[in-house]
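Peer 1: Below is the file run-v5.cif, with mmCIF, C-alpha atoms and all ligand atoms.
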data_structure
loop_
_atom_site.group_PDB
_atom_site.id
_atom_site.type_symbol
_atom_site.label_atom_id
_atom_site.label_comp_id
_atom_site.auth_asym_id
_atom_site.auth_seq_id
_atom_site.Cartn_x
_atom_site.Cartn_y
_atom_site.Cartn_z
ATOM 1 C CA MET A 1 -3.100 8.190 -15.955
ATOM 2 C CA LEU A 2 -4.323 9.434 -12.572
ATOM 3 C CA LEU A 3 -1.763 10.254 -9.904
ATOM 4 C CA LEU A 4 -3.226 9.967 -6.414
ATOM 5 C CA LYS A 5 -1.726 10.682 -3.023
ATOM 6 C CA CYS A 6 -3.075 8.381 -0.331
ATOM 7 C CA PRO A 7 -3.841 10.540 2.725
ATOM 8 C CA CYS A 8 -3.545 7.492 4.998
ATOM 9 C CA CYS A 9 -0.003 6.323 4.205
ATOM 10 C CA GLY A 10 1.396 9.222 2.177
ATOM 11 C CA VAL A 11 2.252 7.177 -0.919
ATOM 12 C CA GLU A 12 2.033 9.096 -4.167
ATOM 13 C CA GLY A 13 1.062 6.439 -6.651
ATOM 14 C CA GLU A 14 -0.537 5.975 -10.017
ATOM 15 C CA GLU A 15 -4.030 4.639 -10.432
ATOM 16 C CA THR A 16 -3.174 0.946 -10.933
ATOM 17 C CA GLU A 17 -2.141 0.826 -7.273
ATOM 18 C CA PHE A 18 -5.638 1.978 -6.270
ATOM 19 C CA HIS A 19 -9.227 0.906 -6.850
ATOM 20 C CA CYS A 20 -12.091 3.313 -7.447
ATOM 21 C CA GLY A 21 -15.170 2.848 -5.257
ATOM 22 C CA GLY A 22 -17.517 5.114 -7.237
ATOM 23 C CA GLU A 23 -19.202 8.401 -6.440
ATOM 24 C CA ALA A 24 -18.616 9.762 -2.930
ATOM 25 C CA HIS A 25 -20.887 11.430 -0.360
ATOM 26 C CA ILE A 26 -23.994 9.521 -1.380
ATOM 27 C CA ARG A 27 -26.797 9.562 1.184
ATOM 28 C CA ARG A 28 -27.902 6.021 1.906
ATOM 29 C CA HIS A 29 -31.644 5.475 1.697
ATOM 30 C CA ALA A 30 -32.721 2.082 3.021
ATOM 31 C CA THR A 31 -35.301 1.040 5.636
ATOM 32 C CA GLY A 32 -38.156 3.534 5.815
ATOM 33 C CA SER A 33 -37.373 5.263 2.541
ATOM 34 C CA THR A 34 -39.747 5.676 -0.376
ATOM 35 C CA ASP A 35 -39.315 3.637 -3.557
ATOM 36 C CA GLY A 36 -38.212 6.802 -5.333
ATOM 37 C CA GLU A 37 -35.523 7.599 -2.738
ATOM 38 C CA PHE A 38 -34.231 4.057 -2.753
ATOM 39 C CA ALA A 39 -34.121 3.878 -6.550
ATOM 40 C CA SER A 40 -32.233 7.164 -6.636
ATOM 41 C CA TYR A 41 -29.738 5.965 -4.012
ATOM 42 C CA MET A 42 -29.294 2.635 -5.762
ATOM 43 C CA PHE A 43 -29.098 3.631 -9.402
ATOM 44 C CA GLU A 44 -28.723 7.358 -10.025
ATOM 45 C CA ARG A 45 -25.254 8.883 -10.219
ATOM 46 C CA LYS A 46 -24.238 12.441 -11.158
ATOM 47 C CA ASN A 47 -21.675 11.528 -13.846
ATOM 48 C CA PRO A 48 -20.620 15.153 -14.462
ATOM 49 C CA LYS A 49 -18.180 16.396 -17.062
ATOM 50 C CA ALA A 50 -15.549 18.087 -14.848
ATOM 51 C CA VAL A 51 -15.303 17.955 -11.052
ATOM 52 C CA VAL A 52 -16.189 14.691 -9.306
ATOM 53 C CA PHE A 53 -15.869 13.403 -5.768
ATOM 54 C CA GLU A 54 -15.006 9.738 -5.554
ATOM 55 C CA ARG A 55 -14.175 7.031 -3.048
ATOM 56 C CA TRP A 56 -10.882 5.257 -3.630
ATOM 57 C CA ARG A 57 -9.102 2.408 -1.902
ATOM 58 C CA HIS A 58 -5.318 2.003 -1.698
ATOM 59 C CA VAL A 59 -5.753 -1.638 -2.569
ATOM 60 C CA PHE A 60 -2.107 -2.499 -3.360
ATOM 61 C CA GLY A 61 -0.786 -0.350 -0.498
ATOM 62 C CA CYS A 62 -2.012 0.381 3.017
ATOM 63 C CA GLY A 63 -5.482 -0.970 2.154
ATOM 64 C CA LYS A 64 -7.355 2.096 3.429
ATOM 65 C CA TRP A 65 -10.313 3.944 1.886
ATOM 66 C CA PHE A 66 -10.137 7.676 1.199
ATOM 67 C CA HIS A 67 -11.799 10.389 -0.898
ATOM 68 C CA ALA A 68 -10.514 12.145 -4.016
ATOM 69 C CA ALA A 69 -11.691 15.261 -5.861
ATOM 70 C CA ARG A 70 -10.675 15.188 -9.499
ATOM 71 C CA CYS A 71 -11.548 16.352 -13.001
ATOM 72 C CA THR A 72 -13.062 13.787 -15.377
ATOM 73 C CA VAL A 73 -11.846 15.736 -18.416
ATOM 74 C CA THR A 74 -8.183 16.410 -17.579
ATOM 75 C CA LEU A 75 -7.650 13.748 -14.867
ATOM 76 C CA GLU A 76 -6.250 16.494 -12.638
ATOM 77 C CA VAL A 77 -6.536 15.527 -8.982
ATOM 78 C CA PHE A 78 -7.429 18.587 -6.894
ATOM 79 C CA ALA A 79 -7.137 16.913 -3.516
ATOM 80 C CA THR A 80 -7.419 13.650 -1.607
ATOM 81 C CA TYR A 81 -8.896 13.579 1.891
ATOM 82 C CA GLY A 82 -9.930 11.210 4.666
ATOM 83 C CA ALA A 83 -12.855 8.811 4.442
ATOM 84 C CA GLN A 84 -14.528 9.898 7.687
ATOM 85 C CA VAL A 85 -16.454 12.883 6.307
ATOM 86 C CA LEU A 86 -19.943 13.236 4.830
ATOM 87 C CA ALA A 87 -19.039 16.129 2.499
ATOM 88 C CA PRO A 88 -15.830 17.570 1.009
ATOM 89 C CA PRO A 89 -14.022 19.752 3.609
ATOM 90 C CA LYS A 90 -13.582 23.495 3.013
ATOM 91 C CA PRO A 91 -9.861 23.346 2.082
ATOM 92 C CA VAL A 92 -10.743 20.833 -0.649
ATOM 93 C CA ILE A 93 -13.453 23.126 -2.056
ATOM 94 C CA ALA A 94 -10.950 26.010 -2.001
ATOM 95 C CA LYS A 95 -8.419 23.974 -3.965
ATOM 96 C CA ILE A 96 -11.021 23.119 -6.611
ATOM 97 C CA LYS A 97 -12.166 26.764 -6.899
ATOM 98 C CA ALA A 98 -8.563 27.895 -7.313
ATOM 99 C CA ARG A 99 -8.285 25.660 -10.374
ATOM 100 C CA ARG A 100 -11.899 25.886 -11.661
ATOM 101 C CA PRO A 101 -13.220 29.379 -10.757
ATOM 102 C CA ASP A 102 -16.492 28.781 -12.631
ATOM 103 C CA TRP A 103 -17.286 25.534 -10.815
ATOM 104 C CA ARG A 104 -20.257 25.576 -8.419
ATOM 105 C CA GLN A 105 -20.858 22.925 -5.776
ATOM 106 C CA LYS A 106 -24.307 21.351 -6.213
ATOM 107 C CA MET B 107 18.763 -17.219 5.989
ATOM 108 C CA SER B 108 18.435 -20.333 3.881
ATOM 109 C CA PHE B 109 16.918 -20.722 0.451
ATOM 110 C CA SER B 110 14.505 -23.227 -1.054
ATOM 111 C CA GLU B 111 15.070 -22.156 -4.656
ATOM 112 C CA ILE B 112 17.816 -20.093 -6.318
ATOM 113 C CA ASP B 113 18.233 -18.894 -9.886
ATOM 114 C CA GLY B 114 21.521 -17.284 -10.880
ATOM 115 C CA SER B 115 21.056 -17.434 -14.636
ATOM 116 C CA GLY B 116 19.999 -13.804 -14.986
ATOM 117 C CA ALA B 117 21.594 -10.425 -14.375
ATOM 118 C CA VAL B 118 20.322 -10.498 -10.789
ATOM 119 C CA LEU B 119 20.341 -13.430 -8.378
ATOM 120 C CA VAL B 120 16.787 -14.489 -7.469
ATOM 121 C CA ALA B 121 16.351 -16.566 -4.328
ATOM 122 C CA ALA B 122 13.254 -17.811 -2.520
ATOM 123 C CA GLN B 123 13.870 -17.938 1.203
ATOM 124 C CA ARG B 124 12.955 -21.065 3.094
ATOM 125 C CA ARG B 125 10.646 -19.920 5.873
ATOM 126 C CA VAL B 126 10.775 -16.555 7.517
ATOM 127 C CA GLU B 127 9.069 -16.296 10.886
ATOM 128 C CA MET B 128 6.970 -13.153 10.868
ATOM 129 C CA VAL B 129 4.144 -11.586 12.814
ATOM 130 C CA VAL B 130 1.495 -9.087 11.758
ATOM 131 C CA LEU B 131 0.407 -6.670 14.449
ATOM 132 C CA LYS B 132 -2.813 -4.670 14.256
ATOM 133 C CA ALA B 133 -3.077 -1.788 16.727
ATOM 134 C CA ASP B 134 -3.622 1.973 16.697
ATOM 135 C CA LEU B 135 -0.071 3.196 16.107
ATOM 136 C CA SER B 136 -1.027 6.831 16.678
ATOM 137 C CA ASN B 137 -1.740 6.055 20.353
ATOM 138 C CA LYS B 138 1.243 7.259 22.442
ATOM 139 C CA THR B 139 0.837 4.647 25.180
ATOM 140 C CA THR B 140 0.662 1.868 22.596
ATOM 141 C CA ARG B 141 3.789 3.186 20.883
ATOM 142 C CA ALA B 142 5.690 3.297 24.174
ATOM 143 C CA THR B 143 4.597 -0.258 25.014
ATOM 144 C CA LEU B 144 5.570 -1.512 21.555
ATOM 145 C CA LYS B 145 8.966 0.150 21.855
ATOM 146 C CA LYS B 146 9.587 -1.826 25.027
ATOM 147 C CA LEU B 147 8.218 -5.138 23.726
ATOM 148 C CA LEU B 148 9.990 -4.938 20.350
ATOM 149 C CA GLY B 149 13.226 -3.594 21.789
ATOM 150 C CA GLY B 150 13.326 -0.704 19.340
ATOM 151 C CA PRO B 151 11.356 2.221 17.962
ATOM 152 C CA VAL B 152 8.098 1.887 16.023
ATOM 153 C CA PRO B 153 9.053 2.729 12.416
ATOM 154 C CA ALA B 154 7.816 5.924 10.770
ATOM 155 C CA PRO B 155 5.273 5.590 7.920
ATOM 156 C CA ARG B 156 6.687 3.678 4.918
ATOM 157 C CA LYS B 157 9.888 2.766 6.809
ATOM 158 C CA ILE B 158 11.520 -0.388 8.171
ATOM 159 C CA VAL B 159 13.698 -0.369 11.306
ATOM 160 C CA ASN B 160 15.355 -3.452 12.844
ATOM 161 C CA ASN B 161 13.148 -5.764 10.739
ATOM 162 C CA VAL B 162 9.959 -4.043 11.909
ATOM 163 C CA ALA B 163 8.065 -2.621 8.926
ATOM 164 C CA TRP B 164 5.286 -0.001 8.809
ATOM 165 C CA MET B 165 2.439 -1.490 6.756
ATOM 166 C CA ALA B 166 -0.460 0.912 7.446
ATOM 167 C CA PRO B 167 -1.531 3.419 10.116
ATOM 168 C CA ASP B 168 -2.708 0.462 12.204
ATOM 169 C CA GLU B 169 -0.398 -2.345 11.076
ATOM 170 C CA LEU B 170 3.202 -3.508 11.533
ATOM 171 C CA LEU B 171 4.999 -6.487 10.002
ATOM 172 C CA ILE B 172 7.672 -7.898 12.291
ATOM 173 C CA MET B 173 10.329 -10.269 10.982
ATOM 174 C CA VAL B 174 11.309 -12.478 13.915
ATOM 175 C CA PRO B 175 15.067 -12.755 14.422
ATOM 176 C CA ASP B 176 16.723 -16.165 13.979
ATOM 177 C CA GLY B 177 16.661 -18.104 17.217
ATOM 178 C CA SER B 178 13.375 -16.713 18.538
ATOM 179 C CA SER B 179 9.892 -17.822 17.534
ATOM 180 C CA ALA B 180 6.820 -16.111 16.157
ATOM 181 C CA ASP B 181 4.735 -17.906 18.811
ATOM 182 C CA GLY B 182 6.599 -16.201 21.617
ATOM 183 C CA LEU B 183 6.284 -12.759 20.056
ATOM 184 C CA VAL B 184 2.558 -13.225 19.351
ATOM 185 C CA ALA B 185 1.930 -14.100 23.008
ATOM 186 C CA LEU B 186 4.082 -11.219 24.204
ATOM 187 C CA LEU B 187 2.307 -8.633 22.028
ATOM 188 C CA ASN B 188 -1.256 -9.832 22.616
ATOM 189 C CA ALA B 189 -0.713 -9.843 26.381
ATOM 190 C CA GLY B 190 1.484 -6.772 26.615
ATOM 191 C CA VAL B 191 -0.406 -4.094 24.647
ATOM 192 C CA LYS B 192 -3.161 -2.633 26.828
ATOM 193 C CA ALA B 193 -5.385 -1.463 23.960
ATOM 194 C CA PRO B 194 -7.338 -3.217 21.184
ATOM 195 C CA VAL B 195 -4.600 -5.337 19.606
ATOM 196 C CA LEU B 196 -4.197 -8.398 17.409
ATOM 197 C CA ALA B 197 -0.903 -10.130 16.738
ATOM 198 C CA VAL B 198 -0.896 -13.124 14.383
ATOM 199 C CA ASP B 199 1.793 -15.514 13.193
ATOM 200 C CA VAL B 200 1.680 -15.217 9.382
ATOM 201 C CA SER B 201 4.904 -17.132 8.617
ATOM 202 C CA ASP B 202 3.081 -19.802 6.605
ATOM 203 C CA ALA B 203 1.007 -17.235 4.722
ATOM 204 C CA ARG B 204 3.927 -15.287 3.251
ATOM 205 C CA ALA B 205 6.786 -15.932 0.820
ATOM 206 C CA VAL B 206 10.036 -13.973 0.999
ATOM 207 C CA PHE B 207 12.520 -13.432 -1.834
ATOM 208 C CA SER B 208 16.012 -11.953 -2.122
ATOM 209 C CA LEU B 209 17.107 -10.074 -5.226
ATOM 210 C CA LYS B 210 20.863 -9.611 -5.249
ATOM 211 C CA GLY B 211 22.945 -7.740 -7.785
ATOM 212 C CA ASN B 212 23.809 -4.253 -8.975
ATOM 213 C CA HIS B 213 20.673 -4.047 -11.086
ATOM 214 C CA ALA B 214 18.113 -5.352 -8.590
ATOM 215 C CA ARG B 215 16.348 -1.966 -8.775
ATOM 216 C CA GLU B 216 15.768 -2.374 -12.469
ATOM 217 C CA VAL B 217 14.109 -5.764 -12.092
ATOM 218 C CA LEU B 218 11.557 -4.352 -9.645
ATOM 219 C CA ALA B 219 11.095 -1.152 -11.655
ATOM 220 C CA LYS B 220 9.893 -3.296 -14.566
ATOM 221 C CA GLY B 221 6.751 -4.257 -12.687
ATOM 222 C CA ALA B 222 6.151 -1.840 -9.808
ATOM 223 C CA PRO B 223 4.695 1.673 -10.275
ATOM 224 C CA VAL B 224 7.278 3.109 -7.888
ATOM 225 C CA ASP B 225 10.176 5.548 -8.316
ATOM 226 C CA LEU B 226 13.078 3.195 -7.609
ATOM 227 C CA SER B 227 15.934 5.566 -8.423
ATOM 228 C CA PRO B 228 18.595 5.527 -5.668
ATOM 229 C CA GLY B 229 17.686 9.089 -4.694
ATOM 230 C CA ALA B 230 14.013 8.244 -4.220
ATOM 231 C CA PHE B 231 14.214 4.786 -2.626
ATOM 232 C CA GLY B 232 17.030 4.005 -0.214
ATOM 233 C CA PRO B 233 17.937 1.854 2.791
ATOM 234 C CA GLY B 234 15.224 2.045 5.466
ATOM 235 C CA ASP B 235 12.440 2.671 2.943
ATOM 236 C CA PHE B 236 9.609 0.134 2.822
ATOM 237 C CA ARG B 237 7.021 0.071 0.049
ATOM 238 C CA ARG B 238 3.788 -1.855 -0.318
ATOM 239 C CA THR B 239 2.721 -1.917 -3.937
ATOM 240 C CA ARG B 240 2.147 -4.342 -6.788
ATOM 241 C CA LEU B 241 4.718 -6.208 -8.887
ATOM 242 C CA GLY B 242 3.074 -7.194 -12.130
ATOM 243 C CA GLN B 243 -0.369 -8.093 -10.779
ATOM 244 C CA VAL B 244 0.808 -9.364 -7.407
ATOM 245 C CA ALA B 245 0.515 -7.477 -4.115
ATOM 246 C CA VAL B 246 4.029 -7.208 -2.639
ATOM 247 C CA ALA B 247 6.141 -5.225 -0.225
ATOM 248 C CA PHE B 248 9.883 -4.660 -0.600
ATOM 249 C CA TRP B 249 12.827 -2.967 1.059
ATOM 250 C CA LEU B 250 16.613 -2.770 0.736
ATOM 251 C CA GLU B 251 18.504 -5.291 2.847
ATOM 252 C CA ALA B 252 21.836 -3.938 1.556
ATOM 253 C CA GLU B 253 22.977 -1.501 -1.152
ATOM 254 C CA ASP B 254 22.578 -4.175 -3.835
ATOM 255 C CA GLU B 255 20.024 -6.488 -2.245
ATOM 256 C CA PHE B 256 16.244 -6.196 -2.101
ATOM 257 C CA GLN B 257 13.976 -8.316 0.070
ATOM 258 C CA LEU B 258 10.458 -8.869 -1.202
ATOM 259 C CA VAL B 259 7.449 -10.384 0.537
ATOM 260 C CA CYS B 260 4.167 -11.577 -1.000
ATOM 261 C CA PHE B 261 1.361 -14.014 -0.210
ATOM 262 C CA ALA B 262 2.518 -17.643 -0.088
ATOM 263 C CA SER B 263 -0.103 -18.620 -2.674
ATOM 264 C CA MET B 264 1.848 -16.499 -5.183
ATOM 265 C CA ARG B 265 5.265 -18.053 -4.404
ATOM 266 C CA GLU B 266 5.810 -20.008 -7.626
ATOM 267 C CA PHE B 267 4.349 -17.313 -9.873
ATOM 268 C CA MET B 268 6.429 -14.608 -8.178
ATOM 269 C CA PHE B 269 9.630 -16.630 -8.459
ATOM 270 C CA ASP B 270 9.068 -17.228 -12.176
ATOM 271 C CA TRP B 271 8.139 -13.575 -12.694
ATOM 272 C CA LEU B 272 11.347 -12.400 -11.022
ATOM 273 C CA VAL B 273 13.553 -14.850 -12.915
ATOM 274 C CA ASN B 274 11.952 -13.756 -16.192
ATOM 275 C CA ALA B 275 12.360 -10.059 -15.357
ATOM 276 C CA ALA B 276 16.011 -10.605 -14.378
ATOM 277 C CA GLN B 277 17.076 -12.190 -17.688
ATOM 278 C CA LYS B 278 20.461 -11.098 -19.007
ATOM 279 C CA ASP B 279 20.419 -8.272 -21.562
ATOM 280 C CA SER B 280 16.814 -7.469 -20.682
ATOM 281 C CA LEU B 281 17.474 -4.654 -18.217
ATOM 282 C CA PRO B 282 17.147 -1.071 -19.430
ATOM 283 C CA GLY B 283 20.249 0.167 -17.579
ATOM 284 C CA TYR B 284 18.405 3.262 -16.478
ATOM 285 C CA PHE B 285 19.652 3.628 -12.912
HETATM 286 ZN ZN ZN C 301 -2.240 4.244 1.411
#
Using structure tokens, write down the structure that the file contains.
Ligand SMILES: [Zn+2]

Peer 2:
Amino acid sequence: MLLLKCPCCGVEGEETEFHCGGEAHIRRHATGSTDGEFASYMFERKNPKAVVFERWRHVFGCGKWFHAARCTVTLEVFATYGAQVLAPPKPVIAKIKARRPDWRQK
Amino acid sequence: MSFSEIDGSGAVLVAAQRRVEMVVLKADLSNKTTRATLKKLLGGPVPAPRKIVNNVAWMAPDELLIMVPDGSSADGLVALLNAGVKAPVLAVDVSDARAVFSLKGNHAREVLAKGAPVDLSPGAFGPGDFRRTRLGQVAVAFWLEAEDEFQLVCFASMREFMFDWLVNAAQKDSLPGYF
């Protein structure tokens, strides 16, 4: 069971109160992109074993979207942060490194 | 308040309220000017996150739910808010879109704790707290009206299902007696 803290309303809830929106920080390739870029944007996901960045929505609460950094193996949530960023902020990276010293951001 | 349906067969009294006039307000609540205007128009402070004050509930960073006091109308409040707030604002009468329930009895907490993923122990959830969550599979919000009485609001389309769910969850000898 994942325990997530919504950064928009402050609720600390379990995952059934939320809905996962898939991998975060994906660059959208649409008009003007090559077939390869579009196919990659549309279909290819990292699916790593360990640290992932995801979009989540507090669907049974305040209704807002946010980001979460978590571990796919242990379900540990390193941090949740606002939706209005293109990449994980530095404090989030620091929190992950504190828990997973060997992890490297790709 | 008056009730359209009451069930007292269980350990907790379950009652569906007849029609509660209420207004949803969308506006940027972090804006100081907007907050000051709302304070004037509502006749009281804008509640803090996840709180309810004077029947005004905090729903989201940009949303309030206002239960209209008996004797005044949602129409009047909608007009007042839409005209009075000098920033992007939307106030809507949602009275017909919502159903409101009362849960009364010493073990009301236990009935809700059966279906909501929320810490409902008296130390964690008290008077003035307001929580949007799910109950079973239904989106709800609830708060304490009195020490032993919860109020619960959900979409009107879920009224019958929610009433049956609550009556079922409140059956005698079915409560864990945890709190
Ligand atoms: Zn939230």

Peer 1: Could you work out which residues of chain A fall inside 6 Å of chain B? Count all atoms listed in the file, and format the result as a list in words.

Peer 2: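 Therefore, the residues near the partner are Phe60, Gly61 and Cys62 of chain A.
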
Peer 1: Within 6 Å of ligand ZN 301 (chain C), counting only C-alpha atoms and all ligand atoms: which residues, as a ChimeraX atom specification?

Peer 2: /A:6,8-9,11,58,61-62,64

Peer 1: Give me the result of the PyMOL selection byres (((chain A and resi 81-93) around 10) and not hetatm) on this file, residue by residue, as a PyMOL selection string.

Peer 2: chain A and resi 5-8+24-27+53+55-57+64-69+78-80+94-98+103-105

Peer 1: Mind checking which residues fall within 7 Å of B:Val174, counting all atoms listed in the file, ignoring those fewer than 3 positions away in the same chain, and posting them as an MDAnalysis selection string?

Peer 2: chainID B and resid 127:128 178:180

Peer 1: Write out as a ChimeraX atom specification each polymer residue whose atoms come within 7 Å of stretch 185-195 of chain B, counting all atoms listed in the file; drop sequence neighbours fewer than 3 positions from it.

Peer 2: /B:132-133,140,143,181-182

Peer 1: Spell out the residues picked by the PyMOL selection byres (((chain B and resi 260-274) around 6) and not hetatm) here, as a ChimeraX atom specification.

Peer 2: /B:203-205,246,259,275-277

Peer 1: Those residues with C-alpha atoms, as a PDB file, keeping the file's coordinate frame please?

Peer 2:
ATOM      1  CA  ALA B 203       1.007 -17.235   4.722  1.00  0.00           C
ATOM      2  CA  ARG B 204       3.927 -15.287   3.251  1.00  0.00           C
ATOM      3  CA  ALA B 205       6.786 -15.932   0.820  1.00  0.00           C
ATOM      4  CA  VAL B 246       4.029  -7.208  -2.639  1.00  0.00           C
ATOM      5  CA  VAL B 259       7.449 -10.384   0.537  1.00  0.00           C
ATOM      6  CA  ALA B 275      12.360 -10.059 -15.357  1.00  0.00           C
ATOM      7  CA  ALA B 276      16.011 -10.605 -14.378  1.00  0.00           C
ATOM      8  CA  GLN B 277      17.076 -12.190 -17.688  1.00  0.00           C
TER       9      GLN B 277
END

Peer 1: Using atom CA of B:Glu216 and atom CA of B:Ser280 as the two end points, give the distance in Å to one decimal.

Peer 2: 9.7 Å

Peer 1: Env of B:Arg124: 6 Å cut, atoms = all atoms listed in the file, seq-sep filter 5 positions within chain, self excluded. Answer as a ChimeraX atom specification.

Peer 2: /B:108-110

Peer 1: When you draw a straight line from atom CA of B:Leu196 to atom CA of B:Asn161, how long is it in Å?

Peer 2: 18.8 Å

Peer 1: Can you pull out every residue within 8 Å of B:Ala214, counting all atoms listed in the file, but drop anything in the same chain fewer than 4 positions away, and send it as an NGL selection string?

Peer 2: :B and (118 or 209-210 or 218 or 254-256)

Peer 1: With distances taken over all atoms listed in the file, which residue among B:Leu135, B:Met107, B:Ala142, B:Leu281 lies nearest B:Val217?

Peer 2: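 Distance minimum relative to B:Val217 lands on B:Leu281.
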
Peer 1: Quick one: distance from atom CA of A:Val59 to atom CA of A:His19 in Å, one decimal?

Peer 2: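 Atom CA of A:Val59 sits 6.1 Å away from atom CA of A:His19.
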
Peer 1: Once the PyMOL selection byres (((chain A and resi 41) around 12) and not hetatm) is applied to the coordinates I shared, what remains selected? I want it as a PyMOL selection string.

Peer 2: chain A and resi 23-30+33-40+42-46

Peer 1: Using all atoms listed in the file, which protein or nucleic acid residues come within 6 Å of B:Leu258? Drop anything in the same chain fewer than 3 positions from it, and give the result as an NGL selection string.

Peer 2: :B and (206-207 or 247-248)

Peer 1: First collect every listed atom of stretch 212-225 of chain B; then fit an axis-aligned box around them, widen it by 5 Å on each side, and give centre and edge lengths in Å to one decimal, as lines of an AutoDock Vina configuration file.

Peer 2:
center_x = 14.3
center_y = -0.1
center_z = -11.2
size_x = 29.1
size_y = 21.3
size_z = 16.7
